[in-house]
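Taking it in order: structure first as structure tokens, then the write-up.
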Amino acid sequence: MNITISKFINNLLIVITMLAFIAQLFIDLSTVNIAASMIILLSAFICFFYFRWSSALETNPLSSFAIFGLCFTSTIGALWAQSFGWVNVVEHLRQPLVTLSWLMLFQITAIVAHCVHRFKLNSGNIEKLSIVRKLFNWMGIYDTPTPQILWIIGIFGLFCVLFSRILPVANGFSYLAWSPFLIPIFYYYEGKSYCNLQKSIFYLAIFFSAIVLLAMFFNARGMMFTGGGILGSVLLLRLMQSPNQVNPKLLLPVFITILIAFALSIPASNLATAMAIARDGRGKISPIKMISNTIENFNDPEKLENYRHLENQISSNLKYNEIYVDNPLAARFVQTQRHDNMIYFAGRINDNSAELVLQKEIDFLWSTLPQPFLDALKIDIDKRLLSISMGDVIAHYAIGTPLSGSRTGSVFAQGLLLLGYFSVPIYLVMCLILFGAIDLFAKKSANGFITFSIVGMLSLWSNFGSGIVADSFHQLFMGVVRGVFQTAILYFIAFFFAKFLTKSFSLKTSSSKYSSNNKLTG
């Protein structure tokens, strides 16, 4: 088969999208549904053919994957998920044509910004060492960590997850908990000398089982899927940019992995629902009882189905709901309806309320600064009153819902509310900054191959879902500030701590062996 892997994956994405579109023709032939499906199809083609006809994935893979994530979570994912569930794509959307048209326009804006980022600003020259890159190089951001270092960092990160609710500072280190999941990636590039793969997979299985138990312990569904999401996103990106020729022997493991992931998606979805049912007991019952209730719910299919049916009934009668895709696992990847909610509400907020939304956004921006800075600047802001989302704010001023609930917002809706059509060029400028920040964590090696730093790989999954889109402007701002400098500094601390431990342990081992040999020969 004379075709590269990257082109094969691109073809596969196009075929799946086309099949999903054809399915919509049989599901619902209404004008609105077909028009909405065609908008999504056009959005998908613009994204896929941009990658196909440009070298974006080769020169700037990390920021390119963020574009793919924006397109998938906003439009393409909706078509796939709804067609697979045999549901029309406009189901539960308030104004599908308006929302999808805006989403396509913002996707095109992001792609235009990416072209400027790559060509006009010369940022495609990733090997060029800027001051920040030189600093990252010194910090070891681009180094290849040993398996021992990855395990130490991962276990340290997992402890930070456990104590993040008690010590807020530990929350910043928690993203490092998934470091061991990258061992198979490094093995693929470094070869057998890197580690014993069979042992590593065995230990990873134990580590993953511990994470699942902790997820049920804390009733935190996202914990279960993050490690697999990071590993899967790195593999997918490498396949999307691979210049190698398609080899059936190479594709077979890929298809087996896809089939296994598909088979596991059903029990994973049921487990997520079981945890949602058990959530009522969070903080009221012991963690052991929480795990027991979750397992009991998981083993009761009728209870799971009744819960989903009841949730849909309740949500359909509320002023605000986020029910769109029935499968709770797939729903985590599809943000279409959440953008639809916010764009719809933003269009119903008057000028006076829009000024209040703007003031709230200014407060949010100030609140991102540490309290000592706020005190020095004499800015009186109570951060406790800002433990809400921009989705809560927009819904409150649109339909009077309480300022609570952590409703999912949309930076696109907020932009349209505060800036109108000017939000499009403003978003283009924001994308230029975001792309520059994301691509800092990739480096061109001596052989011309783009290598990902450990931070870049650990951030890939979150960048797929929210790299260039967020609930609000202040979240995008913090994505640059904290997403670059904070994650780099925290990794630097953990990396050198792990390096120190491994060196100390190896020295002690060598010393004990030396003493033992002296005793034998003395």
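Letters for chains follow the order of the structure tokens (A, B, ...), residue numbers begin at 1 for each chain, and ligand numbers begin at 1 in the order shown.
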
**Request:** Tell me which protein, DNA and RNA residues are within 12 Å of Asn11 (chain A), counting only C-alpha atoms, leaving out same-chain ones fewer than 3 positions away, and put them as a ChimeraX atom specification.
**Result:** /A:3-8,14-18,45,48-49,51-52,240

**Item:** DSSP alpha helix (DSSP H) residues within region 124-163 of chain A, listed as a ChimeraX atom specification
**Value:** /A:131-139,147-163

Selection above as a file: N, CA and C atoms, as a PDB file, in the first residue's frame:
```
ATOM      1  N   ILE A 131      14.989  33.102  24.229  1.00  0.00           N
ATOM      2  CA  ILE A 131      15.392  33.187  25.637  1.00  0.00           C
ATOM      3  C   ILE A 131      14.621  32.169  26.470  1.00  0.00           C
ATOM      4  N   VAL A 132      13.323  32.059  26.190  1.00  0.00           N
ATOM      5  CA  VAL A 132      12.503  31.107  26.947  1.00  0.00           C
ATOM      6  C   VAL A 132      12.961  29.676  26.671  1.00  0.00           C
ATOM      7  N   ARG A 133      13.265  29.374  25.410  1.00  0.00           N
ATOM      8  CA  ARG A 133      13.712  28.020  25.063  1.00  0.00           C
ATOM      9  C   ARG A 133      15.061  27.703  25.709  1.00  0.00           C
ATOM     10  N   LYS A 134      15.942  28.687  25.753  1.00  0.00           N
ATOM     11  CA  LYS A 134      17.230  28.475  26.416  1.00  0.00           C
ATOM     12  C   LYS A 134      17.021  28.183  27.905  1.00  0.00           C
ATOM     13  N   LEU A 135      16.076  28.924  28.505  1.00  0.00           N
ATOM     14  CA  LEU A 135      15.755  28.690  29.910  1.00  0.00           C
ATOM     15  C   LEU A 135      15.181  27.294  30.096  1.00  0.00           C
ATOM     16  N   PHE A 136      14.256  26.901  29.229  1.00  0.00           N
ATOM     17  CA  PHE A 136      13.666  25.562  29.301  1.00  0.00           C
ATOM     18  C   PHE A 136      14.732  24.483  29.110  1.00  0.00           C
ATOM     19  N   ASN A 137      15.670  24.744  28.217  1.00  0.00           N
ATOM     20  CA  ASN A 137      16.756  23.787  27.967  1.00  0.00           C
ATOM     21  C   ASN A 137      17.578  23.582  29.230  1.00  0.00           C
ATOM     22  N   TRP A 138      17.888  24.692  29.909  1.00  0.00           N
ATOM     23  CA  TRP A 138      18.644  24.626  31.160  1.00  0.00           C
ATOM     24  C   TRP A 138      17.848  23.906  32.250  1.00  0.00           C
ATOM     25  N   MET A 139      16.536  24.104  32.252  1.00  0.00           N
ATOM     26  CA  MET A 139      15.673  23.492  33.275  1.00  0.00           C
ATOM     27  C   MET A 139      15.459  21.998  33.042  1.00  0.00           C
ATOM     28  N   PRO A 147      12.893   5.891  33.015  1.00  0.00           N
ATOM     29  CA  PRO A 147      11.653   5.331  33.592  1.00  0.00           C
ATOM     30  C   PRO A 147      11.571   5.542  35.100  1.00  0.00           C
ATOM     31  N   GLN A 148      12.738   5.435  35.788  1.00  0.00           N
ATOM     32  CA  GLN A 148      12.743   5.630  37.235  1.00  0.00           C
ATOM     33  C   GLN A 148      12.287   7.047  37.595  1.00  0.00           C
ATOM     34  N   ILE A 149      12.772   8.023  36.839  1.00  0.00           N
ATOM     35  CA  ILE A 149      12.382   9.415  37.091  1.00  0.00           C
ATOM     36  C   ILE A 149      10.894   9.613  36.831  1.00  0.00           C
ATOM     37  N   LEU A 150      10.381   9.008  35.754  1.00  0.00           N
ATOM     38  CA  LEU A 150       8.951   9.128  35.446  1.00  0.00           C
ATOM     39  C   LEU A 150       8.099   8.517  36.553  1.00  0.00           C
ATOM     40  N   TRP A 151       8.551   7.384  37.108  1.00  0.00           N
ATOM     41  CA  TRP A 151       7.784   6.755  38.191  1.00  0.00           C
ATOM     42  C   TRP A 151       7.805   7.620  39.457  1.00  0.00           C
ATOM     43  N   ILE A 152       8.958   8.165  39.780  1.00  0.00           N
ATOM     44  CA  ILE A 152       9.040   9.023  40.971  1.00  0.00           C
ATOM     45  C   ILE A 152       8.156  10.255  40.796  1.00  0.00           C
ATOM     46  N   ILE A 153       8.239  10.890  39.623  1.00  0.00           N
ATOM     47  CA  ILE A 153       7.409  12.067  39.351  1.00  0.00           C
ATOM     48  C   ILE A 153       5.927  11.698  39.405  1.00  0.00           C
ATOM     49  N   GLY A 154       5.584  10.543  38.818  1.00  0.00           N
ATOM     50  CA  GLY A 154       4.180  10.121  38.787  1.00  0.00           C
ATOM     51  C   GLY A 154       3.630   9.837  40.173  1.00  0.00           C
ATOM     52  N   ILE A 155       4.406   9.135  40.990  1.00  0.00           N
ATOM     53  CA  ILE A 155       3.945   8.814  42.349  1.00  0.00           C
ATOM     54  C   ILE A 155       3.841  10.089  43.186  1.00  0.00           C
ATOM     55  N   PHE A 156       4.814  10.996  43.003  1.00  0.00           N
ATOM     56  CA  PHE A 156       4.751  12.296  43.678  1.00  0.00           C
ATOM     57  C   PHE A 156       3.490  13.059  43.251  1.00  0.00           C
ATOM     58  N   GLY A 157       3.220  13.048  41.939  1.00  0.00           N
ATOM     59  CA  GLY A 157       2.021  13.720  41.431  1.00  0.00           C
ATOM     60  C   GLY A 157       0.745  13.120  41.975  1.00  0.00           C
ATOM     61  N   LEU A 158       0.745  11.790  42.136  1.00  0.00           N
ATOM     62  CA  LEU A 158      -0.447  11.112  42.663  1.00  0.00           C
ATOM     63  C   LEU A 158      -0.694  11.503  44.122  1.00  0.00           C
ATOM     64  N   PHE A 159       0.369  11.628  44.896  1.00  0.00           N
ATOM     65  CA  PHE A 159       0.225  12.104  46.279  1.00  0.00           C
ATOM     66  C   PHE A 159      -0.318  13.531  46.306  1.00  0.00           C
ATOM     67  N   CYS A 160       0.103  14.328  45.325  1.00  0.00           N
ATOM     68  CA  CYS A 160      -0.400  15.702  45.242  1.00  0.00           C
ATOM     69  C   CYS A 160      -1.890  15.721  44.919  1.00  0.00           C
ATOM     70  N   VAL A 161      -2.346  14.750  44.096  1.00  0.00           N
ATOM     71  CA  VAL A 161      -3.778  14.619  43.815  1.00  0.00           C
ATOM     72  C   VAL A 161      -4.526  14.330  45.116  1.00  0.00           C
ATOM     73  N   LEU A 162      -3.953  13.443  45.946  1.00  0.00           N
ATOM     74  CA  LEU A 162      -4.601  13.053  47.199  1.00  0.00           C
ATOM     75  C   LEU A 162      -4.733  14.224  48.164  1.00  0.00           C
ATOM     76  N   PHE A 163      -3.698  15.085  48.187  1.00  0.00           N
ATOM     77  CA  PHE A 163      -3.678  16.168  49.172  1.00  0.00           C
ATOM     78  C   PHE A 163      -4.080  17.525  48.585  1.00  0.00           C
TER      79      PHE A 163
END
```

Quick one: everything within 10 Å of Val32 (chain A), counting only C-alpha atoms, minus sequence neighbours fewer than 5 positions away in the same chain. Send it as a JSON list (two decimals) with C-alpha atoms, in the first residue's frame.
```json
[["chain", "number", "residue", "atom", "x", "y", "z"],
["A", 37, "SER", "CA", -24.93, 18.48, 9.34],
["A", 38, "MET", "CA", -23.63, 20.20, 6.21],
["A", 89, "VAL", "CA", -27.48, 16.28, 15.37],
["A", 90, "VAL", "CA", -29.78, 19.21, 16.27],
["A", 95, "GLN", "CA", -30.36, 27.53, 17.74],
["A", 96, "PRO", "CA", -28.25, 24.96, 15.87],
["A", 97, "LEU", "CA", -27.66, 26.88, 12.64]]
```

**Request:** Quick one: everything within 12 Å of Leu432 (chain A), counting only C-alpha atoms, minus sequence neighbours fewer than 6 positions away in the same chain. Send it as a PyMOL selection string.
**Result:** chain A and resi 63+109-123+425-426+438-439+468+480

Write out the residues from the selection above, keeping C-alpha atoms, as an mmCIF file, in the first residue's frame.
```cif
data_model
loop_
_atom_site.group_PDB
_atom_site.id
_atom_site.type_symbol
_atom_site.label_atom_id
_atom_site.label_comp_id
_atom_site.auth_asym_id
_atom_site.auth_seq_id
_atom_site.Cartn_x
_atom_site.Cartn_y
_atom_site.Cartn_z
ATOM 1 C CA SER A 63 -0.558 23.718 18.248
ATOM 2 C CA THR A 109 -10.183 32.098 12.419
ATOM 3 C CA ALA A 110 -8.016 29.723 14.454
ATOM 4 C CA ILE A 111 -6.664 28.117 11.260
ATOM 5 C CA VAL A 112 -5.889 31.535 9.730
ATOM 6 C CA ALA A 113 -4.086 32.481 12.952
ATOM 7 C CA HIS A 114 -2.133 29.235 12.746
ATOM 8 C CA CYS A 115 -0.992 30.081 9.212
ATOM 9 C CA VAL A 116 0.213 33.483 10.438
ATOM 10 C CA HIS A 117 1.869 31.810 13.419
ATOM 11 C CA ARG A 118 3.750 29.407 11.131
ATOM 12 C CA PHE A 119 4.756 31.662 8.266
ATOM 13 C CA LYS A 120 4.587 35.387 9.019
ATOM 14 C CA LEU A 121 6.011 35.185 12.526
ATOM 15 C CA ASN A 122 8.584 32.533 11.573
ATOM 16 C CA SER A 123 7.489 30.400 14.523
ATOM 17 C CA PRO A 425 -10.171 39.473 15.088
ATOM 18 C CA ILE A 426 -9.615 39.556 18.864
ATOM 19 C CA ILE A 438 1.789 25.699 23.250
ATOM 20 C CA ASP A 439 4.653 25.221 20.771
ATOM 21 C CA ILE A 468 -7.495 27.412 22.382
ATOM 22 C CA VAL A 480 -0.872 31.124 28.873
#
```

**Request:** Give me every strand (DSSP E or B) residue in region 286-507 of chain A, going by DSSP on the backbone, as number ranges by chain.
**Result:** A: 442-444, 450-452

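Proximity of A:Val455, A:Leu419, A:Leu374, A:Leu356 to Met390 (chain A), computed with only C-alpha atoms, is greatest for A:Leu356.
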
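CA of Ile211 (chain A) is positioned 11.9 Å from CA of Phe181 (chain A).
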
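The two atoms in question, CA of Ile230 (chain A) and CA of Tyr491 (chain A), are spaced 16.5 Å apart.
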
All residues 9 Å or closer to region 193-202 of chain A, only C-alpha atoms, same chain fewer than 4 positions away omitted, as a PDB file with C-alpha atoms, in the first residue's frame:
```pdb
ATOM      1  CA  THR A 146      14.491   7.726  32.615  1.00  0.00           C
ATOM      2  CA  PRO A 147      11.653   5.331  33.592  1.00  0.00           C
ATOM      3  CA  PRO A 180       4.329   6.906  33.931  1.00  0.00           C
ATOM      4  CA  ILE A 183       6.902   5.186  29.343  1.00  0.00           C
ATOM      5  CA  PRO A 184       5.576   3.195  26.308  1.00  0.00           C
ATOM      6  CA  PHE A 186       9.677   6.721  25.158  1.00  0.00           C
ATOM      7  CA  TYR A 187      10.199   2.976  24.698  1.00  0.00           C
ATOM      8  CA  TYR A 188       8.956   3.275  21.121  1.00  0.00           C
ATOM      9  CA  TYR A 189      11.527   5.971  20.297  1.00  0.00           C
ATOM     10  CA  ILE A 206      -1.317  -1.757  38.804  1.00  0.00           C
ATOM     11  CA  PHE A 207      -0.845   2.022  38.806  1.00  0.00           C
TER      12      PHE A 207
END
```

Quick one: residues within 10 Å of region 336-347 of chain A, only C-alpha atoms, excluding same-chain residues fewer than 2 positions away - as a CSV table (one decimal) with C-alpha atoms, in the first residue's frame?
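part11.csv, written as the output of this step:
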```
chain,number,residue,atom,x,y,z
A,72,PHE,CA,-13.6,18.0,17.2
A,73,THR,CA,-15.1,19.1,20.5
A,74,SER,CA,-17.1,22.0,18.9
A,75,THR,CA,-18.5,20.4,15.7
A,76,ILE,CA,-17.1,17.1,14.4
A,77,GLY,CA,-17.5,15.2,17.6
A,78,ALA,CA,-21.2,16.1,17.7
A,79,LEU,CA,-21.7,14.6,14.3
A,89,VAL,CA,-27.5,16.3,15.4
A,90,VAL,CA,-29.8,19.2,16.3
A,91,GLU,CA,-31.4,17.4,19.2
A,92,HIS,CA,-31.4,19.6,22.3
A,93,LEU,CA,-29.8,22.5,20.5
A,94,ARG,CA,-31.6,25.9,21.0
A,95,GLN,CA,-30.4,27.5,17.7
A,96,PRO,CA,-28.2,25.0,15.9
A,97,LEU,CA,-27.7,26.9,12.6
A,98,VAL,CA,-26.6,30.1,14.4
A,99,THR,CA,-24.3,28.3,16.9
A,100,LEU,CA,-22.7,26.0,14.3
A,102,TRP,CA,-20.3,30.9,14.6
A,103,LEU,CA,-18.3,27.8,15.6
A,320,TYR,CA,-30.7,25.3,31.6
A,321,ASN,CA,-29.3,21.9,30.9
A,322,GLU,CA,-26.2,20.3,29.4
A,323,ILE,CA,-27.8,17.1,28.2
A,324,TYR,CA,-26.8,16.4,24.5
A,325,VAL,CA,-25.0,13.2,24.0
A,331,ALA,CA,-20.2,13.7,26.3
A,333,PHE,CA,-15.5,15.2,24.3
A,334,VAL,CA,-18.4,17.2,22.8
A,349,ILE,CA,-28.7,39.9,27.6
A,350,ASN,CA,-29.3,43.7,27.5
A,354,ALA,CA,-23.6,43.2,29.5
A,390,MET,CA,-18.6,32.6,33.5
A,391,GLY,CA,-21.3,30.2,32.4
A,392,ASP,CA,-23.0,30.9,35.8
A,394,ILE,CA,-24.1,34.6,31.6
A,395,ALA,CA,-27.0,32.3,32.5
A,396,HIS,CA,-27.8,34.4,35.5
A,397,TYR,CA,-28.2,37.7,33.6
A,398,ALA,CA,-30.0,35.9,30.7
A,399,ILE,CA,-32.5,33.7,32.5
A,407,ARG,CA,-22.1,25.9,34.4
A,408,THR,CA,-19.9,25.5,31.4
A,409,GLY,CA,-19.3,28.8,29.7
A,410,SER,CA,-18.0,29.7,26.2
A,411,VAL,CA,-15.3,32.2,25.3
A,412,PHE,CA,-17.0,32.6,22.0
A,413,ALA,CA,-20.3,33.6,23.6
A,414,GLN,CA,-18.6,35.9,26.0
A,415,GLY,CA,-16.7,37.5,23.1
A,416,LEU,CA,-19.9,38.0,21.0
A,417,LEU,CA,-21.7,39.5,24.1
A,418,LEU,CA,-18.9,42.0,25.0
A,471,ASP,CA,-15.1,29.1,29.5
```

**Asked** How far is it from CA of Val357 (chain A) to CA of Val393 (chain A), in Å with one decimal?
**Response** 6.8 Å

**Of the listed residues A:Ala498, A:Ile291, A:Leu62, A:Leu70, that which approaches Ala470 (chain A) most closely, counting only C-alpha atoms** = A:Leu70

**Request:** Show which residues sit within 12 Å of Ser209 (chain A), as a PyMOL selection string. Count only C-alpha atoms, and ignore same-chain residues fewer than 4 positions away.
**Result:** chain A and resi 202-205+213-216+223-225+227

**For Phe84 (chain A), the nearest of the candidates A:Leu19, A:Ile277, A:Ile489, A:Leu182, counting only C-alpha atoms** = A:Leu19
